[in-house]
>>> print(open('coords_16.cif').read())   # mmCIF, C-alpha atoms and all ligand atoms
data_run
#
loop_
_atom_site.label_atom_id
_atom_site.label_comp_id
_atom_site.auth_asym_id
_atom_site.auth_seq_id
_atom_site.Cartn_x
_atom_site.Cartn_y
_atom_site.Cartn_z
CA MET U 1 112.04 141.20 105.20
CA SER U 2 115.39 142.85 105.85
CA ARG U 3 117.01 144.00 102.62
CA ARG U 4 120.27 142.09 103.10
CA ALA U 5 120.80 138.72 104.72
CA ASN U 6 122.70 139.31 107.94
CA GLY U 7 125.08 136.48 107.07
CA THR U 8 126.26 138.42 103.99
CA ARG U 9 127.82 141.17 106.09
CA ALA U 10 129.72 138.72 108.24
CA ARG U 11 133.49 138.65 107.63
CA LEU U 12 133.51 134.89 108.22
CA TYR U 13 131.70 134.48 104.89
CA GLY U 14 133.77 137.15 103.15
CA ASP U 15 137.42 138.11 103.69
CA LEU U 16 137.82 135.64 106.60
CA ALA U 17 136.14 132.69 104.81
CA TRP U 18 139.57 131.05 104.40
CA THR U 19 139.51 130.41 108.19
CA TRP U 20 136.29 128.33 107.94
CA PRO U 21 137.87 124.94 107.10
CA ILE U 22 140.37 125.52 109.94
CA ILE U 23 138.02 126.64 112.73
CA SER U 24 135.15 124.34 111.70
CA PRO U 25 136.71 121.35 109.88
CA PRO U 26 134.56 119.23 107.51
CA GLU U 27 135.19 116.06 109.52
CA ASP U 28 133.41 117.64 112.53
CA TYR U 29 130.16 117.65 110.46
CA ALA U 30 129.99 113.93 109.64
CA GLY U 31 127.91 113.00 112.71
CA GLU U 32 125.46 115.89 112.21
CA ALA U 33 125.07 115.09 108.51
CA GLU U 34 124.36 111.42 109.26
CA ALA U 35 121.78 112.44 111.89
CA HIS U 36 119.98 114.67 109.33
CA TRP U 37 120.10 111.89 106.76
CA ARG U 38 118.56 109.37 109.20
CA ILE U 39 115.61 111.72 109.84
CA LEU U 40 115.12 112.45 106.13
CA GLU U 41 115.17 108.73 105.30
CA ARG U 42 112.82 107.87 108.15
CA ASP U 43 110.27 110.63 107.54
CA SER U 44 110.22 110.58 103.74
CA ARG U 45 107.62 108.24 102.34
CA ILE U 46 109.70 107.73 99.21
CA PRO U 47 113.49 107.34 98.83
CA VAL U 48 115.41 110.64 98.88
CA ARG U 49 117.53 110.77 95.74
CA THR U 50 117.87 114.55 95.37
CA LEU U 51 118.40 117.07 98.17
CA LEU U 52 118.34 120.87 98.12
CA HIS U 53 120.56 122.31 100.85
CA LEU U 54 119.86 126.01 101.45
CA GLY U 55 122.65 127.96 103.18
CA CYS U 56 125.19 125.19 102.45
CA GLY U 57 128.22 127.31 103.45
CA GLY U 58 131.56 125.62 102.78
CA GLY U 59 129.86 122.31 101.95
CA HIS U 60 131.03 120.53 105.10
CA LEU U 61 127.65 118.80 105.62
CA ASP U 62 127.44 118.09 101.87
CA HIS U 63 130.73 116.20 102.09
CA THR U 64 128.86 113.45 103.98
CA LEU U 65 125.35 113.92 102.52
CA LYS U 66 126.58 113.43 98.94
CA ARG U 67 127.35 109.79 99.77
CA HIS U 68 123.61 109.22 100.20
CA CYS U 69 122.02 111.36 97.50
CA GLN U 70 122.57 114.00 94.81
CA VAL U 71 123.00 117.33 96.63
CA THR U 72 122.39 120.85 95.24
CA GLY U 73 123.79 123.54 97.53
CA VAL U 74 122.69 127.18 97.61
CA ASP U 75 124.46 129.94 99.52
CA VAL U 76 124.44 133.72 99.37
CA SER U 77 128.23 134.01 99.75
CA PRO U 78 130.35 133.45 96.61
CA THR U 79 133.43 132.97 98.81
CA MET U 80 131.80 130.15 100.79
CA LEU U 81 130.61 128.59 97.53
CA ASP U 82 134.23 128.60 96.24
CA LEU U 83 135.23 126.63 99.35
CA ALA U 84 132.29 124.25 98.85
CA ARG U 85 133.20 123.65 95.18
CA THR U 86 136.81 122.90 96.13
CA LEU U 87 135.72 120.40 98.79
CA ASN U 88 132.94 118.86 96.68
CA PRO U 89 133.71 119.25 92.96
CA ASP U 90 131.01 116.65 92.26
CA VAL U 91 128.20 118.74 93.86
CA GLU U 92 126.15 121.41 92.08
CA TYR U 93 126.39 124.83 93.78
CA VAL U 94 124.26 127.89 93.02
CA GLN U 95 124.52 131.38 94.47
CA GLY U 96 121.25 132.62 95.96
CA ASP U 97 119.46 133.98 98.99
CA MET U 98 117.41 131.32 100.78
CA ARG U 99 114.59 133.82 101.15
CA THR U 100 114.15 134.48 97.45
CA VAL U 101 116.01 131.90 95.34
CA ARG U 102 113.85 129.96 92.86
CA LEU U 103 115.55 127.14 90.94
CA ASP U 104 112.40 126.25 88.96
CA ARG U 105 112.67 122.55 89.80
CA VAL U 106 111.78 120.31 92.71
CA PHE U 107 113.80 117.98 94.95
CA ASP U 108 112.99 114.89 97.04
CA ALA U 109 113.88 116.81 100.24
CA VAL U 110 115.08 120.24 101.43
CA LEU U 111 117.49 120.94 104.30
CA ILE U 112 118.31 124.23 106.03
CA ALA U 113 120.84 123.58 108.79
CA ASP U 114 122.90 126.09 110.84
CA SER U 115 122.36 128.94 108.32
CA ILE U 116 118.70 129.27 109.37
CA SER U 117 119.94 131.22 112.42
CA TYR U 118 120.62 134.18 110.08
CA MET U 119 116.90 134.68 109.63
CA CYS U 120 116.40 137.67 111.93
CA THR U 121 112.73 138.51 111.52
CA GLU U 122 109.55 136.47 111.21
CA ALA U 123 109.31 137.68 107.60
CA ASP U 124 112.82 136.29 106.88
CA LEU U 125 112.03 132.94 108.52
CA LEU U 126 108.73 132.62 106.67
CA ALA U 127 110.40 133.53 103.36
CA ALA U 128 113.02 130.78 103.88
CA PHE U 129 110.25 128.25 104.70
CA ARG U 130 108.38 129.29 101.54
CA THR U 131 111.53 128.74 99.47
CA ALA U 132 111.74 125.22 100.91
CA PHE U 133 108.04 124.64 100.14
CA VAL U 134 108.17 125.66 96.47
CA HIS U 135 111.13 123.34 95.85
CA LEU U 136 109.23 120.26 97.07
CA PRO U 137 106.51 118.23 95.36
CA PRO U 138 103.55 117.20 97.54
CA ASP U 139 104.24 114.65 100.29
CA ARG U 140 107.99 115.42 100.54
CA VAL U 141 109.82 116.76 103.57
CA PHE U 142 111.82 119.76 104.72
CA LEU U 143 114.23 119.49 107.68
CA THR U 144 115.49 122.36 109.78
CA TYR U 145 116.44 122.95 113.38
CA VAL U 146 116.44 125.57 116.13
CA GLU U 147 119.66 126.51 117.91
CA GLN U 148 118.33 129.23 120.25
CA THR U 149 115.00 130.20 121.75
CA PRO U 150 114.36 133.09 124.16
CA ASP U 151 114.21 130.43 126.92
CA THR U 152 117.57 128.80 126.13
CA PHE U 153 119.52 131.94 125.15
CA GLN U 154 122.37 132.58 127.62
CA GLU U 155 123.41 136.23 127.81
CA GLY U 156 127.21 136.58 127.75
CA ARG U 157 127.89 132.93 126.92
CA THR U 158 131.50 132.75 125.68
CA THR U 159 133.13 129.74 124.04
CA SER U 160 136.53 129.27 122.50
CA THR U 161 138.24 126.64 120.36
CA THR U 162 141.74 126.33 118.94
CA HIS U 163 142.55 124.59 115.66
CA ALA U 164 145.71 124.45 113.56
CA ARG U 165 146.37 123.61 109.93
CA GLY U 166 149.26 124.21 107.54
CA GLY U 167 151.32 126.25 110.02
CA VAL U 168 148.35 128.49 110.98
CA GLU U 169 146.78 128.25 114.44
CA ILE U 170 143.46 129.99 115.09
CA THR U 171 141.83 130.52 118.44
CA PHE U 172 138.22 131.37 117.76
CA VAL U 173 136.21 133.08 120.52
CA GLU U 174 132.43 133.54 120.33
CA ASN U 175 130.46 135.79 122.70
CA LEU U 176 126.66 136.14 122.72
CA HIS U 177 124.84 139.35 123.62
CA ASP U 178 121.24 140.43 123.29
CA PRO U 179 121.06 144.24 123.27
CA ASP U 180 117.24 144.23 123.18
CA PRO U 181 115.46 141.09 124.46
CA ARG U 182 112.15 142.51 123.15
CA ASP U 183 113.12 142.00 119.50
CA THR U 184 113.89 138.76 117.61
CA THR U 185 117.66 139.22 117.20
CA PHE U 186 120.85 138.81 119.19
CA GLU U 187 124.53 139.48 118.47
CA SER U 188 127.26 136.91 118.15
CA ARG U 189 130.70 138.55 118.38
CA PHE U 190 133.68 136.65 117.06
CA LEU U 191 137.32 137.16 117.85
CA TYR U 192 139.98 135.41 115.76
CA LEU U 193 143.51 135.08 117.19
CA ILE U 194 145.43 134.04 114.09
CA ARG U 195 149.00 132.92 114.64
CA ASP U 196 150.72 132.47 111.31
CA ARG U 197 154.30 131.22 111.64
CA GLY U 198 154.73 133.02 114.95
CA GLN U 199 153.04 136.32 113.93
CA LEU U 200 149.78 137.11 115.77
CA LYS U 201 146.89 138.90 114.06
CA VAL U 202 143.60 139.65 115.82
CA GLU U 203 140.40 140.01 113.78
CA LYS U 204 136.85 140.87 114.91
CA ASP U 205 133.49 140.01 113.42
CA LEU U 206 129.84 140.62 114.25
CA HIS U 207 126.96 138.33 113.27
CA ARG U 208 123.30 139.12 113.87
CA CYS U 209 121.08 136.11 114.36
CA GLY U 210 117.40 135.44 114.95
CA VAL U 211 115.77 134.02 118.07
CA PHE U 212 112.12 132.93 118.15
CA PRO U 213 109.98 130.84 120.50
CA LEU U 214 109.27 127.30 119.27
CA ALA U 215 105.61 128.26 118.87
CA THR U 216 106.67 130.87 116.27
CA TRP U 217 108.60 128.24 114.29
CA GLU U 218 105.53 126.01 114.25
CA ARG U 219 103.18 128.84 113.35
CA LEU U 220 105.40 130.01 110.47
CA LEU U 221 105.86 126.47 109.15
CA ARG U 222 102.07 126.16 109.03
CA LYS U 223 101.78 129.59 107.40
CA ALA U 224 104.20 128.38 104.70
CA ARG U 225 101.66 125.49 104.26
CA PHE U 226 103.82 122.74 105.81
CA GLU U 227 102.45 120.11 108.19
CA PRO U 228 105.06 120.59 110.96
CA LEU U 229 106.33 117.75 113.09
CA ARG U 230 108.71 118.32 115.98
CA VAL U 231 111.26 115.54 116.02
CA ASP U 232 113.03 114.24 119.08
CA THR U 233 116.53 113.37 117.92
CA GLY U 234 117.75 112.47 121.38
CA GLU U 235 120.65 114.86 120.75
CA GLN U 236 119.12 118.07 122.01
CA ASP U 237 120.89 120.17 124.60
CA GLN U 238 120.54 123.61 126.10
CA GLU U 239 124.23 124.54 125.94
CA GLY U 240 124.31 126.07 122.49
CA GLY U 241 123.43 122.92 120.56
CA THR U 242 120.13 122.01 118.92
CA VAL U 243 117.00 122.89 120.89
CA ALA U 244 114.50 121.33 118.50
CA THR U 245 114.43 119.71 115.08
CA PHE U 246 111.44 120.27 112.78
CA VAL U 247 110.32 118.23 109.84
CA GLY U 248 107.74 119.97 107.65
CA ARG U 249 105.81 117.84 105.19
CA ARG U 250 104.33 119.44 102.11
CA PRO U 251 100.80 118.04 102.30
CA PRO U 252 99.88 115.39 99.74
CA THR U 253 97.54 116.48 96.97
CA ARG U 254 94.06 115.48 98.13
CA ALA U 255 92.60 112.64 96.11
CA ARG U 256 89.04 113.42 95.00
CA PRO U 257 86.50 111.14 96.69
CA SER U 258 85.25 108.66 94.06
CA GLY U 259 82.01 109.70 92.38
CA THR U 260 82.64 113.47 92.62
CA VAL U 261 82.63 115.44 89.42
CA ARG U 262 84.87 118.41 88.61
CA PRO U 263 82.85 121.68 88.63
CA THR U 264 84.08 122.46 85.11
CA ALA U 265 82.86 119.06 83.91
CA ARG U 266 79.49 119.78 85.50
CA ARG U 267 79.28 123.09 83.64
CA ARG U 268 80.04 121.37 80.38
CA THR U 269 77.16 118.93 80.87
CA ASP U 270 74.76 121.68 81.97
CA PRO U 271 71.78 121.18 79.59
CA ARG U 272 71.36 124.97 79.22
CA GLN U 273 74.97 125.26 78.01
CA ILE U 274 74.53 122.38 75.61
CA ALA U 275 71.44 124.12 74.31
CA ARG U 276 73.40 127.42 73.91
CA HIS U 277 76.24 125.58 72.10
CA SER U 278 73.88 123.80 69.76
CA ARG U 279 72.08 127.12 69.00
CA ARG U 280 75.46 128.68 68.04
CA SER U 281 76.53 125.80 65.78
C1 LIG T 1 127.60 128.51 109.46
S1 LIG T 1 127.66 128.68 107.75
C2 LIG T 1 127.02 127.13 107.16
C3 LIG T 1 128.05 126.09 107.22
C4 LIG T 1 127.62 124.78 106.59
N1 LIG T 1 126.76 124.02 107.48
C5 LIG T 1 128.78 123.92 106.15
O1 LIG T 1 128.57 122.72 106.07
O2 LIG T 1 129.85 124.46 105.83
C6 LIG T 1 126.26 129.73 107.46
C7 LIG T 1 126.06 130.04 105.98
O3 LIG T 1 124.82 130.70 105.83
C8 LIG T 1 124.93 131.53 104.70
N2 LIG T 1 123.81 132.47 104.67
C9 LIG T 1 123.51 133.46 105.54
N3 LIG T 1 122.38 134.09 105.15
C10 LIG T 1 121.97 133.46 104.01
C11 LIG T 1 120.87 133.65 103.13
N4 LIG T 1 119.96 134.60 103.35
N5 LIG T 1 120.74 132.82 102.07
C12 LIG T 1 121.65 131.85 101.83
N6 LIG T 1 122.72 131.63 102.62
C13 LIG T 1 122.88 132.42 103.71
C14 LIG T 1 126.30 132.18 104.88
O4 LIG T 1 126.77 132.73 103.69
C15 LIG T 1 127.11 130.99 105.38
O5 LIG T 1 127.77 130.35 104.32
#
>>> encode(input="coords_16.cif", output="structure tokens")
Amino acid sequence: MSRRANGTRARLYGDLAWTWPIISPPEDYAGEAEAHWRILERDSRIPVRTLLHLGCGGGHLDHTLKRHCQVTGVDVSPTMLDLARTLNPDVEYVQGDMRTVRLDRVFDAVLIADSISYMCTEADLLAAFRTAFVHLPPDRVFLTYVEQTPDTFQEGRTTSTTHARGGVEITFVENLHDPDPRDTTFESRFLYLIRDRGQLKVEKDLHRCGVFPLATWERLLRKARFEPLRVDTGEQDQEGGTVATFVGRRPPTRARPSGTVRPTARRRTDPRQIARHSRRS
């Protein structure tokens, strides 16, 4: 496991976090949040009343999800959590790393959305899956999704968007580059053209993200003891959107076949033990 989450070094979640609600407004997340909720509702065998959202960022997804259930958001960045608390004062937020955080309670479902892309090694991805697992009781589900695989990654892909709010206009440019296709990471370089009341400022940022074949996702979900199910949402695309959505179910506790006796109970009724006990008394 890498010592620091790669997302924690990113300026977007630190000194440039104030740009987040401008370049990626909460209202843009309503459709995605509803799509996640539909899958959680459909694949959960019991109603989802509590949801743990790991890597919740500025709480833009939570803004919609909280209408359906009680959300607890976890993020490694205190600055992003401040934004989330401002947007959703009615949601509980906790600072923590999705690879290691332990809240010592369970939830009806766990979600890791776009923040999963900051898991750069198999050890990171597995650790995040294990965090999801320990926060679920048996028979409950975990939802996550894949944004890039080695097959869909497009070297040099560059996108740009422009948004304005409160007299500030930001053109946000993202460029993808994979310096070493043999490893499990790629670089996402960001350029921010910030025009504040006529004055232009240019800021740069570098994010390192993980890229794994779908077979690795499935293998690691199984290793974390989930029963993985690949879900067709009908919304998948190869142009930088979702490649695959996974639901992992924590297996139900196996009911003992009727008529079987616990080994400890058998020991207690072992005639030799009874004899030993009665000799001692
Ligand atoms: C793209 S933002 C998520 C935005 C979010 N979907 C929203 O609704 O605002 C990615 C988030 O992942 C968080 N992150 C990165 N690595 C993390 C880790 N190891 N544990 C928890 N959060 C992490 C970053 O701090 C950042 O807030």
>>> closest_residue(input="coords_16.cif", among="U:Leu111, U:Val71, U:Ile23, U:Met119", to="Pro89 (chain U)", atoms="all atoms listed in the file")
U:Val71
>>> atom_distance(input="coords_16.cif", atom1="CA of Gly210 (chain U)", atom2="CA of Val247 (chain U)")
19.3 Å
>>> axis_aligned_box(input="coords_16.cif", around="ligand LIG 1 (chain T)", padding_each_side="6 Å", output="JSON")
{"center_x": 124.9, "center_y": 128.7, "center_z": 105.6, "size_x": 21.9, "size_y": 23.9, "size_z": 19.6}
>>> atom_distance(input="coords_16.cif", atom1="atom O4 of ligand LIG 1 (chain T)", atom2="CA of Arg157 (chain U)")
23.3 Å
>>> residues_around(input="coords_16.cif", residues="Arg225 (chain U)", least_positions_apart="3", cutoff="12 Å", atoms="only C-alpha atoms", output="compact mmCIF listing (two decimals) with C-alpha atoms, in the frame of the given file")
# COMPACT_ATOMS: atom_id res chain seq x y z
CA LEU U 126 108.73 132.62 106.67
CA ALA U 127 110.40 133.53 103.36
CA PHE U 129 110.25 128.25 104.70
CA ARG U 130 108.38 129.29 101.54
CA THR U 131 111.53 128.74 99.47
CA ALA U 132 111.74 125.22 100.91
CA PHE U 133 108.04 124.64 100.14
CA VAL U 134 108.17 125.66 96.47
CA LEU U 136 109.23 120.26 97.07
CA PRO U 138 103.55 117.20 97.54
CA ASP U 139 104.24 114.65 100.29
CA VAL U 141 109.82 116.76 103.57
CA PHE U 142 111.82 119.76 104.72
CA GLU U 218 105.53 126.01 114.25
CA ARG U 219 103.18 128.84 113.35
CA LEU U 220 105.40 130.01 110.47
CA LEU U 221 105.86 126.47 109.15
CA ARG U 222 102.07 126.16 109.03
CA PRO U 228 105.06 120.59 110.96
CA GLY U 248 107.74 119.97 107.65
CA ARG U 249 105.81 117.84 105.19
CA ARG U 250 104.33 119.44 102.11
CA PRO U 251 100.80 118.04 102.30
CA PRO U 252 99.88 115.39 99.74
>>> residues_near_ligand(input="coords_16.cif", ligand="ligand LIG 1 (chain T)", cutoff="6 Å", atoms="all atoms listed in the file", output="list of chain:residue names")
U:Ala5, U:Asn6, U:Gly7, U:Thr8, U:Tyr13, U:Gly55, U:Cys56, U:Gly57, U:Gly58, U:Gly59, U:His60, U:Leu61, U:Asp75, U:Val76, U:Ser77, U:Met80, U:Gly96, U:Asp97, U:Met98, U:Arg99, U:Asp114, U:Ser115, U:Tyr118
>>> atom_distance(input="coords_16.cif", atom1="CA of Ser44 (chain U)", atom2="CA of Leu125 (chain U)")
22.9 Å
>>> closest_residue(input="coords_16.cif", among="U:Leu143, U:Ala35, U:Ala123, U:Leu200", to="Phe226 (chain U)", atoms="all atoms listed in the file")
U:Leu143
>>> closest_residue(input="coords_16.cif", among="U:Asn88, U:Ala10, U:Arg140, U:Leu83", to="Glu227 (chain U)", atoms="only C-alpha atoms")
U:Arg140
